[in-house]
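Asker: Sending over a structure as structure tokens; questions will come in a sec.
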Amino acid sequence: MSYPPDPNNPYNQPQQPQQPGYGYPQQAPPAAGYGYPQQPPQQPGYGVPQQQAYGYAPAPGTLQANNGYINIAQLGTVKLATMGQRFLARLIDGLAVGAIIALVMALGLAGTLGIVKDADDCSKYTYPSSAYSNCLQDQTDAASGVFATMMIMIAVLAVFNLLYEWLLVSFAGATLGKMAMGLRVVKESTGQNPGLGGGFIRFIIPIVGAFLCYIGALLVYLSPFFDNSGKLQGWHDRAAGTLVIKK
């Protein structure tokens with residue numbers, strides 16, 4: 001059976017199959033997922049932590065094998081302050097504050113006691129003369145002045161102690177003792193200074209404990225020994241969300 005000639009092939013020559021690469025676009029292979037197996041993702045090698053294998057940093061607050069180092073946001077891996085370092089910092093603070101308090105009280109007492117007269121000074125007056133009565137009244141007024149001055153000094157020193165611990169930790173992250181020991185108090189969640197709220201909470205808890213014959217304050221300062229997390233957080237640190245680190 002014959003076919004009419006192809007107008008595009010006047011010589012009726014057999015057509016050759018077209019080869020790719022001669023001006024004809026090659027057909028792209030089907031996309032993955034249409035019967036072709038996809039290459040499985042590479043898994044991290046054995047013995048390599050998954051976070052390290054993918055380049056991720058440990059989550060904030062993560063202890064590193066309980067070796068005294070911890071990862072804190074914006075600070076990276078830092079070393080926790082030891083209890084010995086914290087004790088020495090507290091001792092330096094006590095000596096510094098105690099010296100300032102002793103100096104202020106000595107100056108105040110010296111100025112106040114200068115106006116107090118001995119009881120024998122009134123003996124030169126004849127009893128019951130008005131001069132003797134006036135002398136006793138002056139002694140009474142002077143004693144009242146000394147007592148009032150002492151109460152004012154105690155209030156001023158209490159406020160000084162509050163501002164010393166509270167403000168320095170809140171804005172600088174360290175008191176003079178901690179600065180001398182190279183320590184710093186930071187927020188565990190941010191790595192920043194505690195701020196007014198965190199600094200006040202951290203300060204006031206030992207003060208409240210001090211009302212129990214100072215036993216409560218002592219327990220607060222020793223409470224990092226009872227911290228099972230390994231972060232050496234005292235009760236005041238947990239309430240304030242802070243950590244003490246070595247700079």
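Labeling convention for the structure tokens: chains A, B, ... as they appear, residues from 1 per chain, ligands from 1 in order of appearance.
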Write out as a list in words which residues come within 9 Å of Met181 (chain A) when counting only C-alpha atoms, dropping same-chain ones fewer than 3 positions away.
Answerer: Gln85, Arg86, Leu88, Ala89, Leu176, Gly177, Lys178 and Lys246 of chain A
Asker: As a short mmCIF file (atom, residue, chain, number, x, y, z; two decimals) with N, CA and C atoms, in the first residue's frame, please: the residues near region 187-201 of chain A (cut-off 9 Å, only C-alpha atoms, same-chain neighbours under 5 positions excluded).
Answerer:
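Once everything was written out, this is selection-v5.cif:
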data_model
loop_
_atom_site.label_atom_id
_atom_site.label_comp_id
_atom_site.auth_asym_id
_atom_site.auth_seq_id
_atom_site.Cartn_x
_atom_site.Cartn_y
_atom_site.Cartn_z
N PRO A 60 20.75 29.01 76.12
CA PRO A 60 21.12 29.76 77.32
C PRO A 60 20.76 29.00 78.58
N GLY A 61 21.65 29.08 79.56
CA GLY A 61 21.42 28.39 80.81
C GLY A 61 21.91 26.96 80.81
N ILE A 72 25.33 31.67 78.52
CA ILE A 72 24.38 32.73 78.83
C ILE A 72 24.16 33.56 77.58
N ALA A 73 22.92 33.94 77.34
CA ALA A 73 22.58 34.75 76.18
C ALA A 73 23.40 36.02 76.15
N GLN A 74 23.92 36.36 74.97
CA GLN A 74 24.70 37.57 74.69
C GLN A 74 26.07 37.57 75.34
N LEU A 75 26.37 36.57 76.15
CA LEU A 75 27.69 36.49 76.77
C LEU A 75 28.46 35.26 76.30
N GLY A 76 27.75 34.26 75.83
CA GLY A 76 28.40 33.02 75.41
C GLY A 76 28.73 32.15 76.62
N LEU A 162 21.62 50.06 102.05
CA LEU A 162 20.65 49.69 101.02
C LEU A 162 21.10 50.18 99.66
N GLU A 165 24.45 48.30 98.22
CA GLU A 165 24.25 46.96 97.64
C GLU A 165 23.28 47.00 96.47
N TRP A 166 22.19 47.68 96.66
CA TRP A 166 21.11 47.66 95.67
C TRP A 166 21.53 48.35 94.36
N LEU A 167 22.00 49.59 94.45
CA LEU A 167 22.28 50.35 93.25
C LEU A 167 23.51 49.83 92.51
N LEU A 168 24.54 49.46 93.24
CA LEU A 168 25.74 48.96 92.56
C LEU A 168 25.46 47.66 91.80
N VAL A 169 24.75 46.74 92.45
CA VAL A 169 24.42 45.48 91.76
C VAL A 169 23.44 45.73 90.62
N SER A 170 22.50 46.64 90.80
CA SER A 170 21.48 46.89 89.78
C SER A 170 22.09 47.46 88.50
N PHE A 171 22.98 48.45 88.65
CA PHE A 171 23.47 49.17 87.47
C PHE A 171 24.89 48.77 87.05
N ALA A 172 25.72 48.36 88.00
CA ALA A 172 27.09 47.96 87.66
C ALA A 172 27.27 46.45 87.68
N GLY A 173 26.33 45.74 88.30
CA GLY A 173 26.43 44.29 88.36
C GLY A 173 27.39 43.79 89.41
N ALA A 174 27.96 44.69 90.22
CA ALA A 174 28.95 44.26 91.22
C ALA A 174 29.14 45.34 92.27
N HIS A 236 18.15 33.91 96.94
CA HIS A 236 17.97 35.28 96.46
C HIS A 236 18.26 35.38 94.96
N ASP A 237 19.20 34.56 94.45
CA ASP A 237 19.47 34.54 93.02
C ASP A 237 18.30 33.95 92.24
N ALA A 239 15.15 33.92 93.12
CA ALA A 239 14.02 34.85 93.14
C ALA A 239 14.25 36.00 92.15
N ALA A 240 15.49 36.44 92.02
CA ALA A 240 15.80 37.55 91.12
C ALA A 240 16.14 37.11 89.71
N GLY A 241 16.32 35.79 89.51
CA GLY A 241 16.69 35.28 88.19
C GLY A 241 18.11 35.66 87.79
N THR A 242 19.04 35.64 88.76
CA THR A 242 20.40 36.08 88.49
C THR A 242 21.41 34.96 88.70
N LEU A 243 22.60 35.18 88.17
CA LEU A 243 23.76 34.30 88.36
C LEU A 243 24.96 35.16 88.70
N VAL A 244 25.89 34.58 89.45
CA VAL A 244 27.15 35.26 89.74
C VAL A 244 28.24 34.58 88.92
#
